[in-house]
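Undergrad: Structure file model-v6.txt, compact mmCIF, C-alpha atoms, is pasted below:
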# COMPACT_ATOMS: atom_id res chain seq x y z
CA MET A 1 15.91 -25.65 -3.76
CA SER A 2 16.71 -22.24 -2.23
CA SER A 3 14.18 -20.40 -0.10
CA PRO A 4 12.12 -17.61 -1.71
CA VAL A 5 13.40 -14.10 -1.07
CA TRP A 6 11.14 -11.32 0.19
CA PHE A 7 11.91 -7.61 0.17
CA ILE A 8 9.46 -5.67 2.34
CA THR A 9 9.52 -1.90 2.80
CA GLY A 10 8.24 -0.18 5.93
CA ALA A 11 9.33 -3.01 8.21
CA SER A 12 9.61 -0.89 11.36
CA ASN A 13 6.06 -1.67 12.54
CA GLY A 14 2.55 -2.67 11.51
CA PHE A 15 1.95 -4.80 8.44
CA GLY A 16 5.58 -4.53 7.32
CA LEU A 17 7.06 -5.94 10.52
CA LEU A 18 4.40 -8.62 10.88
CA LEU A 19 4.80 -9.76 7.26
CA CYS A 20 8.58 -10.01 7.70
CA LEU A 21 8.07 -12.25 10.71
CA ARG A 22 5.37 -14.32 8.95
CA ALA A 23 7.59 -15.03 5.94
CA LEU A 24 10.54 -15.85 8.21
CA LYS A 25 8.36 -18.27 10.16
CA ALA A 26 7.73 -20.07 6.87
CA GLY A 27 11.47 -20.50 6.38
CA HIS A 28 11.83 -17.87 3.68
CA ARG A 29 14.66 -15.38 3.37
CA VAL A 30 13.51 -11.86 4.25
CA VAL A 31 15.06 -8.43 3.83
CA GLY A 32 13.08 -5.63 5.43
CA SER A 33 13.72 -1.93 5.06
CA VAL A 34 13.39 0.86 7.63
CA ARG A 35 14.26 4.53 7.44
CA SER A 36 16.50 4.35 10.50
CA LYS A 37 17.80 1.24 12.21
CA THR A 38 18.40 3.27 15.36
CA LYS A 39 14.82 4.54 15.58
CA ALA A 40 13.45 1.11 14.62
CA ALA A 41 15.80 -0.84 16.89
CA ASP A 42 13.05 -3.03 18.36
CA ALA A 43 11.77 -4.09 14.93
CA VAL A 44 15.32 -4.63 13.67
CA ASN A 45 16.01 -6.89 16.65
CA GLN A 46 12.83 -8.91 16.06
CA ILE A 47 13.57 -9.43 12.39
CA GLU A 48 17.24 -10.25 12.83
CA SER A 49 16.54 -12.57 15.78
CA ALA A 50 14.15 -14.49 13.52
CA GLY A 51 16.84 -14.84 10.87
CA GLY A 52 16.04 -11.88 8.64
CA GLU A 53 18.01 -8.90 7.39
CA VAL A 54 17.29 -5.19 7.60
CA ILE A 55 18.55 -2.32 5.45
CA GLU A 56 18.01 1.41 5.71
CA LEU A 57 15.91 2.85 2.90
CA ASP A 58 13.95 6.09 2.77
CA LEU A 59 11.44 6.35 -0.07
CA ASN A 60 12.33 10.02 -0.35
CA GLU A 61 15.82 9.14 -1.53
CA SER A 62 16.72 9.67 -5.17
CA LYS A 63 15.79 7.06 -7.76
CA ALA A 64 19.48 6.28 -8.23
CA SER A 65 19.96 5.66 -4.50
CA ILE A 66 16.89 3.42 -4.26
CA ASP A 67 18.00 1.56 -7.38
CA SER A 68 21.45 0.80 -6.01
CA LYS A 69 20.15 -0.39 -2.63
CA ILE A 70 17.65 -2.77 -4.23
CA LYS A 71 19.87 -4.24 -6.92
CA VAL A 72 22.67 -5.12 -4.50
CA LEU A 73 20.26 -7.50 -2.75
CA GLY A 74 20.25 -9.90 -5.69
CA PRO A 75 17.21 -11.85 -6.92
CA ILE A 76 13.89 -10.95 -5.25
CA ASP A 77 10.93 -13.31 -5.49
CA TYR A 78 8.39 -11.28 -3.53
CA LEU A 79 8.54 -7.50 -3.48
CA VAL A 80 6.19 -5.81 -1.03
CA ASN A 81 5.72 -2.05 -1.17
CA ASN A 82 4.31 -1.45 2.28
CA ALA A 83 5.95 1.79 3.45
CA GLY A 84 3.78 4.89 3.43
CA PHE A 85 2.19 7.58 5.55
CA PHE A 86 -0.96 9.69 5.83
CA VAL A 87 -1.28 13.47 5.56
CA LEU A 88 -4.58 14.24 7.31
CA GLY A 89 -5.88 17.43 5.77
CA ALA A 90 -8.40 18.96 3.40
CA VAL A 91 -7.28 19.36 -0.20
CA GLU A 92 -7.39 23.15 0.15
CA GLN A 93 -5.29 23.02 3.31
CA VAL A 94 -2.31 20.90 2.19
CA THR A 95 0.84 22.80 1.22
CA GLU A 96 2.93 22.21 -1.89
CA LYS A 97 5.69 20.61 0.20
CA GLU A 98 3.24 18.31 1.99
CA ALA A 99 1.58 17.25 -1.25
CA GLN A 100 4.93 16.46 -2.84
CA LEU A 101 6.06 14.46 0.19
CA GLN A 102 2.80 12.49 0.23
CA LEU A 103 3.14 11.54 -3.43
CA GLN A 104 6.89 10.90 -3.19
CA THR A 105 6.54 8.50 -0.26
CA ASN A 106 3.39 6.68 -1.35
CA PHE A 107 3.79 6.65 -5.13
CA PHE A 108 7.14 7.69 -6.58
CA GLY A 109 9.21 5.83 -3.99
CA PRO A 110 7.34 2.55 -4.53
CA LEU A 111 7.56 3.12 -8.29
CA TYR A 112 11.35 3.36 -8.09
CA VAL A 113 11.49 0.23 -5.91
CA ILE A 114 9.44 -1.65 -8.51
CA GLN A 115 11.65 -0.46 -11.35
CA ALA A 116 14.78 -1.54 -9.48
CA ALA A 117 13.50 -5.08 -8.85
CA LEU A 118 11.58 -5.64 -12.07
CA GLU A 119 14.51 -6.15 -14.44
CA GLY A 120 15.67 -9.16 -12.45
CA MET A 121 12.17 -10.60 -12.18
CA ARG A 122 11.59 -10.17 -15.89
CA SER A 123 14.89 -11.77 -16.88
CA ARG A 124 14.26 -14.76 -14.56
CA ARG A 125 10.62 -14.86 -15.71
CA THR A 126 9.29 -15.13 -12.19
CA GLY A 127 8.30 -12.83 -9.34
CA THR A 128 5.46 -11.21 -7.45
CA ILE A 129 4.98 -7.51 -6.74
CA VAL A 130 2.64 -6.65 -3.87
CA ASN A 131 1.58 -3.03 -3.52
CA LEU A 132 -0.17 -1.99 -0.32
CA SER A 133 -2.91 0.45 -1.23
CA SER A 134 -5.90 1.45 0.89
CA ILE A 135 -9.67 1.47 0.86
CA ALA A 136 -9.18 5.24 0.50
CA ALA A 137 -8.18 4.71 -3.13
CA GLN A 138 -11.65 3.31 -3.86
CA ASP A 139 -13.65 5.39 -1.39
CA PRO A 140 -11.88 8.68 -0.58
CA GLN A 141 -13.14 10.51 2.50
CA PRO A 142 -12.84 14.19 3.47
CA THR A 143 -9.36 15.07 4.81
CA SER A 144 -7.80 12.06 3.06
CA GLY A 145 -7.74 13.50 -0.44
CA LEU A 146 -3.98 13.62 -0.93
CA TYR A 147 -3.46 10.24 0.72
CA ALA A 148 -6.23 8.73 -1.41
CA ALA A 149 -4.71 10.29 -4.52
CA SER A 150 -1.30 8.76 -3.77
CA LYS A 151 -2.82 5.32 -3.31
CA ALA A 152 -5.08 5.65 -6.36
CA ALA A 153 -2.00 6.52 -8.43
CA LEU A 154 -0.25 3.42 -7.11
CA GLU A 155 -3.29 1.30 -7.96
CA ALA A 156 -3.56 2.65 -11.50
CA ALA A 157 0.13 2.04 -12.16
CA SER A 158 -0.17 -1.43 -10.63
CA ALA A 159 -3.12 -2.36 -12.85
CA SER A 160 -1.23 -1.33 -15.97
CA LEU A 161 1.96 -3.00 -14.73
CA ALA A 162 0.12 -6.28 -14.18
CA VAL A 163 -0.77 -6.50 -17.86
CA GLU A 164 2.71 -5.41 -18.96
CA VAL A 165 4.59 -8.03 -16.96
CA ALA A 166 2.18 -10.96 -17.26
CA PRO A 167 4.02 -12.32 -20.34
CA PHE A 168 7.13 -12.65 -18.13
CA ASN A 169 5.31 -14.68 -15.46
CA VAL A 170 5.47 -11.76 -13.03
CA ARG A 171 2.35 -11.17 -10.96
CA VAL A 172 1.09 -7.95 -9.39
CA LEU A 173 -1.23 -7.90 -6.39
CA ILE A 174 -2.89 -4.74 -5.06
CA VAL A 175 -3.86 -5.01 -1.39
CA GLU A 176 -6.74 -2.81 -0.22
CA PRO A 177 -6.95 -2.85 3.58
CA GLY A 178 -9.64 -1.27 5.65
CA ALA A 179 -8.93 0.08 9.13
CA PHE A 180 -6.48 -2.12 11.03
CA ARG A 181 -5.19 -1.64 14.55
CA THR A 182 -1.63 -0.68 13.64
CA ASN A 183 0.21 2.57 14.41
CA PHE A 184 -1.01 4.08 11.11
CA LEU A 185 -3.26 6.72 12.67
CA ALA A 186 -0.87 7.41 15.54
CA ALA A 187 1.82 8.28 12.99
CA LEU A 188 -0.33 10.48 10.73
CA SER A 189 0.94 13.92 9.72
CA LEU A 190 -1.07 17.11 10.19
CA PRO A 191 -0.67 20.01 7.73
CA GLU A 192 1.21 23.12 8.81
CA ALA A 193 -1.61 25.38 7.67
CA PRO A 194 -4.80 25.43 9.76
CA LEU A 195 -8.08 24.26 8.32
CA PRO A 196 -10.04 27.38 7.26
CA ALA A 197 -12.81 28.25 9.70
CA ALA A 198 -15.34 28.00 6.88
CA TYR A 199 -15.13 24.19 7.20
CA ASP A 200 -16.42 24.26 10.80
CA GLY A 201 -19.52 22.09 11.12
CA THR A 202 -19.00 20.37 7.76
CA PRO A 203 -18.27 16.70 7.03
CA THR A 204 -14.60 17.65 6.71
CA THR A 205 -14.23 18.55 10.38
CA ALA A 206 -16.36 15.59 11.47
CA VAL A 207 -14.23 13.09 9.57
CA LYS A 208 -11.03 14.75 10.76
CA GLU A 209 -12.09 14.28 14.37
CA LEU A 210 -12.97 10.66 13.65
CA PHE A 211 -9.47 9.99 12.31
CA LEU A 212 -7.90 11.72 15.32
CA THR A 213 -9.88 9.68 17.86
CA LYS A 214 -10.11 6.27 16.18
CA ASP A 215 -6.58 5.02 16.92
CA GLY A 216 -6.72 1.79 18.91
CA GLN A 217 -10.36 1.19 17.99
CA GLN A 218 -9.92 -0.07 14.42
CA VAL A 219 -11.87 -3.23 13.71
CA GLY A 220 -9.10 -4.99 11.78
CA ASP A 221 -6.66 -7.42 13.42
CA PRO A 222 -3.27 -6.74 11.77
CA GLN A 223 -1.98 -10.28 12.32
CA LYS A 224 -5.00 -11.74 10.55
CA GLY A 225 -4.61 -9.19 7.77
CA VAL A 226 -0.96 -10.12 7.28
CA ASP A 227 -1.82 -13.83 7.33
CA ARG A 228 -4.30 -13.32 4.48
CA ILE A 229 -1.74 -11.32 2.48
CA TYR A 230 0.94 -13.97 2.97
CA GLU A 231 -1.48 -16.76 2.02
CA ALA A 232 -2.68 -15.01 -1.15
CA VAL A 233 0.91 -14.41 -2.23
CA ALA A 234 2.34 -17.81 -1.29
CA GLY A 235 -0.69 -19.83 -2.39
CA GLU A 236 -1.42 -21.56 0.89
CA GLY A 237 -3.91 -21.39 3.76
CA MET A 238 -7.32 -19.71 3.78
CA ALA A 239 -6.51 -17.21 1.02
CA GLY A 240 -4.20 -19.50 -0.94
CA HIS A 241 -6.78 -20.25 -3.63
CA LEU A 242 -6.73 -16.56 -4.62
CA LYS A 243 -3.12 -16.70 -5.84
CA GLY A 244 -3.04 -15.65 -9.49
CA LYS A 245 -6.83 -15.28 -9.62
CA VAL A 246 -7.41 -11.77 -8.24
CA ASN A 247 -5.73 -8.47 -9.00
CA ARG A 248 -6.97 -6.88 -5.78
CA LEU A 249 -7.01 -8.40 -2.33
CA VAL A 250 -9.57 -6.62 -0.13
CA ILE A 251 -9.02 -7.21 3.58
CA GLY A 252 -11.40 -6.06 6.29
CA ARG A 253 -15.20 -6.15 6.54
CA ASP A 254 -15.25 -2.35 6.55
CA ALA A 255 -13.28 -2.25 3.30
CA LEU A 256 -15.66 -4.74 1.69
CA ASN A 257 -18.72 -2.72 2.68
CA ARG A 258 -17.23 0.59 1.51
CA ILE A 259 -16.15 -0.82 -1.85
CA ARG A 260 -19.56 -2.36 -2.45
CA LYS A 261 -21.25 0.94 -1.62
CA ALA A 262 -18.87 2.91 -3.86
CA ASN A 263 -19.35 0.46 -6.73
CA ASP A 264 -23.14 0.58 -6.37
CA LYS A 265 -23.01 4.38 -6.61
CA PHE A 266 -20.76 4.17 -9.67
CA MET A 267 -23.11 1.72 -11.43
CA ALA A 268 -26.10 3.92 -10.58
CA ASP A 269 -24.29 6.93 -12.06
CA LEU A 270 -23.55 4.97 -15.24
CA ALA A 271 -27.16 3.93 -15.61
CA LEU A 272 -28.35 7.51 -15.11
CA GLN A 273 -26.10 8.91 -17.82
CA GLU A 274 -25.94 6.05 -20.32
CA GLU A 275 -27.92 7.87 -23.03
CA VAL A 276 -25.66 10.92 -22.68
CA THR A 277 -22.52 8.79 -22.59
CA VAL A 278 -23.14 6.99 -25.90
CA SER A 279 -24.40 10.14 -27.67
CA THR A 280 -20.84 11.32 -28.39
CA ASP A 281 -19.90 8.58 -30.91
CA TYR A 282 -19.73 9.30 -34.66
Spell out the structure here as structure tokens.
TA:
Amino acid sequence: MSSPVWFITGASNGFGLLLCLRALKAGHRVVGSVRSKTKAADAVNQIESAGGEVIELDLNESKASIDSKIKVLGPIDYLVNNAGFFVLGAVEQVTEKEAQLQLQTNFFGPLYVIQAALEGMRSRRTGTIVNLSSIAAQDPQPTSGLYAASKAALEAASASLAVEVAPFNVRVLIVEPGAFRTNFLAALSLPEAPLPAAYDGTPTTAVKELFLTKDGQQVGDPQKGVDRIYEAVAGEGMAGHLKGKVNRLVIGRDALNRIRKANDKFMADLALQEEVTVSTDY
């Protein structure tokens, strides 16, 4: 029996690199993607030394380009959309170009990757699609509005996709990490336009400063996070029992606490407005 094949985007560092190495350690075949092999030479060396392969793929490429690069790989058993980035800015502050780039990289690019791999999964009636989202999709904070929107869009599409492809024995898993000690914050992008002075002293500036000073202090251990993702996908280890039983994998105590708080607020809002809500029926 041949080894399962993984395709993992954003393999230059963080979760992407660690997941490549984790799957390779299990004896699986792995193809990781990076935007530039030259700039990601260290990651490329680690993956290739462990027996994996690396291709160049930028999620800002055209759909046709992404499609051709994915389909030439052949059958994919586990597709992991991990690549993404964070524009740190208030909704009012972000430019048209920055908003488009945020959505292209975090939503449209992963969408095109899914579409390229899905035909093969559907025809073989097997496969797993793993989309890396964020706690921000469930609990958006000031200055993360565009990032949260891109991840919320990915989650909504993933939830619909899961129902669409279930008859073909294809599974979809949304991963919602909290804050992990990767290079995520170090690589964030700041808007070209300054934050209007009117925001001084508001939660927006306070949260912005928190994001800018939190790098290296995140509570989450990325290796443990990747281990839980691998286990939930492969059906082994601590999280193995979750395979096929959950649509969302929440990793990180901070993520758990924030989701619970957000859900409690949502349920309280529903209770407050229930009479108004049902008053609109015929």
Undergrad: From the list A:Ala234, A:Leu132, A:Val170, A:Leu146, which residue is nearest Asn82 in chain A when using all atoms listed in the file?
TA: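 Among A:Ala234, A:Leu132, A:Val170, A:Leu146, it is A:Leu132 that comes nearest to Asn82 in chain A.
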Undergrad: Which polymer residues have any atom within 10 Å of an atom of Ile76 in chain A, counting all atoms listed in the file, with same-chain residues fewer than 2 positions away left out, as an NGL selection string?
TA: :A and (4-7 or 29-31 or 70-71 or 73-74 or 78-79 or 117-118 or 120-121 or 126-129)
Undergrad: Might you pull out every residue within 8 Å of Ser133 in chain A, with all atoms listed in the file counted and same-chain residues fewer than 6 positions away left off, and present them as a PyMOL selection string?
TA: chain A and resi 151-152+154-155+174-177
Undergrad: Give me, as a list in words, all polymer residues having an atom no more than 9 Å from range 90-101 of chain A, counting all atoms listed in the file and skipping those fewer than 3 positions away in the same chain.
TA: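 Residues near the query, excluding close chain neighbours: Asn60, Val87, Gln104, Thr105, Asn106, Pro142, Thr143, Ser144, Gly145, Leu146, Tyr147, Leu190, Pro191, Glu192, Ala193, Pro194, Leu195, Pro196, Thr204 and Lys208 of chain A.
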Undergrad: For Ser62 in chain A, which residue among A:Gly178, A:Gly252, A:Pro167, A:Pro110 is the nearest when counting only C-alpha atoms?
TA: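 Ranked by minimum distance to Ser62 in chain A, first place goes to A:Pro110.
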Undergrad: Do a neighbour search on Val226 in chain A at 8 Å with all atoms listed in the file, toss out local chain neighbours closer than 4 positions, and write the hits as an MDAnalysis selection string.
TA: chainID A and resid 15 18:19 22 222 230
Undergrad: Can you pull out every residue within 8 Å of Ala187 in chain A, counting all atoms listed in the file, but drop anything in the same chain fewer than 2 positions away, and send it as an MDAnalysis selection string?
TA: chainID A and resid 85:86 183:185 189
Undergrad: Counting all atoms listed in the file, which residue out of A:Gly10, A:Ala50, A:Asp77, A:Ala23 sits closest to Ser36 in chain A?
TA: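 Between A:Gly10, A:Ala50, A:Asp77, A:Ala23, the residue approaching Ser36 in chain A most closely is A:Gly10.
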